[in-house]
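*Asks:* Next up is a structure, given as structure tokens.
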Amino acid sequence: MAEFVYDKNGRLIFTKEMKKEYTILFPMMARIHFNIIKNVFDHFGYKVELLETDGPEIAQVGLKYVHNDTCYPAILTIGQLIHAVQSGKYDVNKVALMLTQTGGGCRASNYIHLLRKALKKAGLENVPVVSLNMSGMEKNPGFKITLPLIRRIAAAGLYGDMMMSLDNQIKPYEVNKGDSAKMVDTWTKRLKVILSSGHGFSRKELAKYLDKIAADFSTIEVHRTPKIKVGIVGEIYVKYAALGNNNLERFLEEQDCEINLPGILGFAMFKVDNRIEDYKLYGGSKAKYMVVKALMNYLQDYEDMVIASQERYGFRPITRYQHTKELVKGVVGYGSKMGEGWLLTGEMLELVECGFENIVCTQPFGCLPNHINGKGMIRKIKQRDSRANIVAIDYDPGAPRVNQENRIKLMLAVAKEQLKKEQEEDAVSAKSPVKVKPVKK
């Protein structure tokens, strides 16, 4: 059994011995992305297990150990982790927990500390907590963020964005139900083998495999019929996690909608771009600016590859980050960057522009950045584009699911009326005789 080692602040360290013996539990967020990323961790010798448990008991466990005024994603993720440890499924003496840590001003930076406090309250203070961060905030001998790991995680995220986008474009129209889901599963397994064998993350190989993914998805038989198009935006956890948004994607699929869920790449570019904007606004180290600028160019190359593959095989391409950034000019400033910041406003403008004018803006109750850049920008967005049909939904342990779904149904009712009107106008246009001007002799 691994020895317990503590740092000078009393934090339990995740040691090299623990890496060999311990199972690391991690909350699920974006299903396609995280399943590929899990395979990357497996390749580097970490025993990572994604938690997909749901049900009201998760929030109840969270509320038992986390104050109810705390951010909803914290209540759910911490509740899910402690619920798993207490379930009896794992050896309490050989399990560790992992959470992301951004280091920004958002409350998300404190989830790690809240989790340790909750573990102590639950009598589980001997369960180590691993911080997944790119800024060196917390270090553990048994868990190291290396360049090879980062490159594979970045590639996994890119493949996840591609498959999520294609799946959402095909699933509502597939002739044989389940074909798109099978393709996602097939490529998730293939990518596990590819990334584990040391391939699939160089620029050349990324372009090759993104092309192959798009080519395979293009073979799925579809039947295009008019459907309500709905975009989903919001705080990153409740935007992607089924546990956080009460299976919002499944609900919209049941309402016969086509979903557009902006990818994680845009959020990553936003976070990097914030450093560039900081330099422009406040000054700072020129050397750091050049490094961040190079990283931004690297991510733009990723974006170019995804767009090229989607266009090559007839899919709707993702919107370029720089275009989304341009859309918010005159609406909200680039200094509004806490949490999802101005990107949340930009994604709504982007969705309306590309035909997904019906939008569900998901936000944890009391999430200030989302209330400002999400709910607070709805009137401004509608002034800019009257097609915008946006509903802001608060997610919280005390928010009844039926109320949330009824509000979304009201938004969809407006969307159905608009779709019916457009179809009637198209029918009239098709029946109208074409007037031909006589040719003068």
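Just so we're on the same page: first chain in the structure tokens is A, next is B, and so on; residues restart at 1 for each chain, and ligands are numbered from 1 in the order they show up.
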So that I can check the secondary structure, give me every residue of range 120-345 of chain A assigned alpha helix (DSSP H) by backbone DSSP, as a PyMOL selection string.

*Replies:* chain A and resi 120-121+147-170+179-196+203-217+236-240+248-254+264-282+286-312+321-327+341-345

*Asks:* Report as number ranges by chain: the residues of range 182-255 of chain A with a DSSP assignment of strand (DSSP E), based on the backbone of this structure.

*Replies:* A: 228-234

*Asks:* Could you please take those selected residues and save N, CA and C atoms as a PDB file, in the first residue's frame?

*Replies:*
ATOM      1  N   ILE A 228     -36.775  21.771 -37.030  1.00  0.00           N
ATOM      2  CA  ILE A 228     -36.427  22.945 -36.224  1.00  0.00           C
ATOM      3  C   ILE A 228     -34.947  22.833 -35.842  1.00  0.00           C
ATOM      4  N   LYS A 229     -34.221  23.898 -36.073  1.00  0.00           N
ATOM      5  CA  LYS A 229     -32.784  23.918 -35.775  1.00  0.00           C
ATOM      6  C   LYS A 229     -32.565  24.660 -34.457  1.00  0.00           C
ATOM      7  N   VAL A 230     -31.900  23.966 -33.523  1.00  0.00           N
ATOM      8  CA  VAL A 230     -31.707  24.531 -32.178  1.00  0.00           C
ATOM      9  C   VAL A 230     -30.226  24.537 -31.812  1.00  0.00           C
ATOM     10  N   GLY A 231     -29.731  25.664 -31.378  1.00  0.00           N
ATOM     11  CA  GLY A 231     -28.363  25.775 -30.878  1.00  0.00           C
ATOM     12  C   GLY A 231     -28.343  25.721 -29.360  1.00  0.00           C
ATOM     13  N   ILE A 232     -27.244  25.198 -28.812  1.00  0.00           N
ATOM     14  CA  ILE A 232     -27.074  25.136 -27.357  1.00  0.00           C
ATOM     15  C   ILE A 232     -25.802  25.888 -26.983  1.00  0.00           C
ATOM     16  N   VAL A 233     -25.931  26.821 -26.056  1.00  0.00           N
ATOM     17  CA  VAL A 233     -24.774  27.566 -25.553  1.00  0.00           C
ATOM     18  C   VAL A 233     -24.852  27.576 -24.027  1.00  0.00           C
ATOM     19  N   GLY A 234     -23.824  28.156 -23.389  1.00  0.00           N
ATOM     20  CA  GLY A 234     -23.904  28.319 -21.943  1.00  0.00           C
ATOM     21  C   GLY A 234     -22.619  28.005 -21.221  1.00  0.00           C
TER      22      GLY A 234
END

*Asks:* Can you pull out every residue within 8 Å of Gln169 in chain A, counting only C-alpha atoms, but drop anything in the same chain fewer than 2 positions away, and send it as a ChimeraX atom specification?

*Replies:* /A:165-167,171-173,258-260,315-316

*Asks:* I'd like the neighbourhood of range 360-366 of chain A as an mmCIF file with C-alpha atoms, in the first residue's frame, where a residue qualifies if any of its atoms comes within 8 Å (using only C-alpha atoms), though same-chain residues fewer than 2 positions away should be ignored.

*Replies:*
data_model
loop_
_atom_site.group_PDB
_atom_site.id
_atom_site.type_symbol
_atom_site.label_atom_id
_atom_site.label_comp_id
_atom_site.auth_asym_id
_atom_site.auth_seq_id
_atom_site.Cartn_x
_atom_site.Cartn_y
_atom_site.Cartn_z
ATOM 1 C CA CYS A 71 -22.044 26.820 -8.231
ATOM 2 C CA TYR A 72 -24.303 23.999 -9.521
ATOM 3 C CA PRO A 73 -21.519 22.233 -11.506
ATOM 4 C CA VAL A 230 -31.707 24.531 -32.178
ATOM 5 C CA GLY A 231 -28.363 25.775 -30.878
ATOM 6 C CA ILE A 232 -27.074 25.136 -27.357
ATOM 7 C CA VAL A 233 -24.774 27.566 -25.553
ATOM 8 C CA GLY A 234 -23.904 28.319 -21.943
ATOM 9 C CA GLU A 235 -21.561 27.556 -19.065
ATOM 10 C CA VAL A 238 -24.078 22.442 -18.136
ATOM 11 C CA LYS A 239 -23.657 23.041 -21.878
ATOM 12 C CA ASN A 245 -28.543 19.920 -18.236
ATOM 13 C CA ASN A 358 -33.631 28.972 -31.848
ATOM 14 C CA LEU A 368 -22.665 35.899 -12.954
ATOM 15 C CA ASN A 370 -23.503 33.755 -17.836
ATOM 16 C CA HIS A 371 -26.168 36.143 -16.576
ATOM 17 C CA GLY A 374 -25.885 35.118 -21.837
ATOM 18 C CA LYS A 375 -29.223 36.263 -20.457
ATOM 19 C CA ILE A 390 -33.597 32.534 -27.292
ATOM 20 C CA VAL A 391 -34.617 30.989 -23.981
ATOM 21 C CA ALA A 392 -32.312 31.165 -20.940
ATOM 22 C CA ILE A 393 -32.641 28.153 -18.639
ATOM 23 C CA ASP A 394 -31.293 28.119 -15.075
ATOM 24 C CA TYR A 395 -30.037 24.774 -13.750
ATOM 25 C CA ASP A 396 -29.999 24.267 -10.005
ATOM 26 C CA ILE A 408 -38.025 25.109 -23.912
#

*Asks:* I'd like the contact shell of Tyr6 in chain A - 12 Å cut-off, only C-alpha atoms, skipping same-chain residues fewer than 6 positions apart - returned as a count of residues only.

*Replies:* 11

*Asks:* Can you pull out every residue within 9 Å of Ser180 in chain A, counting only C-alpha atoms, but drop anything in the same chain fewer than 3 positions away, and send it as a list in words?

*Replies:*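 Using only C-alpha atoms, the neighbours found are Leu166, Asp167, Asn168, Ile170, Lys171, Glu174, Asn176, Lys177, Met183, Val184, Asp185, Phe217 and Ile220 of chain A.
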
*Asks:* Using CA of Glu21 in chain A and CA of Val130 in chain A as the two end points, give the distance in Å to one decimal.

*Replies:*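 A separation of 14.7 Å between them.
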
*Asks:* May I have the residues within 12 Å of range 287-302 of chain A as a ChimeraX atom specification, using only C-alpha atoms and disregarding those fewer than 6 positions away in the same chain?

*Replies:* /A:151,154-159,161-162,201-207,210,264-280,308-309,318-322

*Asks:* Any chance you can output those residues with C-alpha atoms as a PDB file, in the first residue's frame?

*Replies:*
ATOM      1  CA  ARG A 151      -0.504  16.805 -27.809  1.00  0.00           C
ATOM      2  CA  ALA A 154      -5.458  18.213 -27.913  1.00  0.00           C
ATOM      3  CA  ALA A 155      -5.824  15.757 -30.812  1.00  0.00           C
ATOM      4  CA  ALA A 156      -8.511  13.839 -28.876  1.00  0.00           C
ATOM      5  CA  GLY A 157     -10.402  17.088 -28.321  1.00  0.00           C
ATOM      6  CA  LEU A 158     -10.218  17.904 -32.022  1.00  0.00           C
ATOM      7  CA  TYR A 159     -11.486  14.463 -33.056  1.00  0.00           C
ATOM      8  CA  ASP A 161     -15.328  18.188 -31.933  1.00  0.00           C
ATOM      9  CA  MET A 162     -15.372  16.706 -35.435  1.00  0.00           C
ATOM     10  CA  PHE A 201      -1.536  13.760 -33.372  1.00  0.00           C
ATOM     11  CA  SER A 202       0.954  15.263 -35.832  1.00  0.00           C
ATOM     12  CA  ARG A 203      -0.397  17.913 -38.188  1.00  0.00           C
ATOM     13  CA  LYS A 204      -0.170  15.631 -41.229  1.00  0.00           C
ATOM     14  CA  GLU A 205      -1.840  12.689 -39.478  1.00  0.00           C
ATOM     15  CA  LEU A 206      -4.550  14.875 -37.945  1.00  0.00           C
ATOM     16  CA  ALA A 207      -5.509  16.106 -41.409  1.00  0.00           C
ATOM     17  CA  LEU A 210     -10.094  14.026 -39.879  1.00  0.00           C
ATOM     18  CA  ILE A 264     -14.560  22.807 -27.295  1.00  0.00           C
ATOM     19  CA  LEU A 265     -11.879  24.060 -29.713  1.00  0.00           C
ATOM     20  CA  GLY A 266     -13.535  27.498 -29.793  1.00  0.00           C
ATOM     21  CA  PHE A 267     -13.478  27.650 -25.982  1.00  0.00           C
ATOM     22  CA  ALA A 268      -9.789  26.661 -25.943  1.00  0.00           C
ATOM     23  CA  MET A 269      -8.990  29.376 -28.501  1.00  0.00           C
ATOM     24  CA  PHE A 270     -10.952  31.874 -26.406  1.00  0.00           C
ATOM     25  CA  LYS A 271      -8.888  31.046 -23.317  1.00  0.00           C
ATOM     26  CA  VAL A 272      -5.609  31.435 -25.225  1.00  0.00           C
ATOM     27  CA  ASP A 273      -6.811  34.605 -26.946  1.00  0.00           C
ATOM     28  CA  ASN A 274      -7.611  36.123 -23.539  1.00  0.00           C
ATOM     29  CA  ARG A 275      -3.877  36.197 -22.812  1.00  0.00           C
ATOM     30  CA  ILE A 276      -3.329  38.092 -26.058  1.00  0.00           C
ATOM     31  CA  GLU A 277      -6.089  40.565 -25.182  1.00  0.00           C
ATOM     32  CA  ASP A 278      -4.592  40.978 -21.683  1.00  0.00           C
ATOM     33  CA  TYR A 279      -1.304  41.998 -23.281  1.00  0.00           C
ATOM     34  CA  LYS A 280      -3.097  44.492 -25.550  1.00  0.00           C
ATOM     35  CA  ALA A 308     -11.385  21.712 -44.744  1.00  0.00           C
ATOM     36  CA  SER A 309     -12.471  18.125 -44.030  1.00  0.00           C
ATOM     37  CA  ILE A 318     -17.728  24.894 -37.860  1.00  0.00           C
ATOM     38  CA  THR A 319     -17.571  28.695 -37.642  1.00  0.00           C
ATOM     39  CA  ARG A 320     -14.111  30.216 -37.478  1.00  0.00           C
ATOM     40  CA  TYR A 321     -13.209  31.635 -34.074  1.00  0.00           C
ATOM     41  CA  GLN A 322     -12.072  34.955 -35.560  1.00  0.00           C
TER      42      GLN A 322
END

*Asks:* Here is a test: counting only C-alpha atoms, which residue of A:Ile372, A:Ile78, A:Val222, A:Ile381 is nearest to Leu349 in chain A?

*Replies:*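 Closest to Leu349 in chain A of all the choices is A:Ile381.
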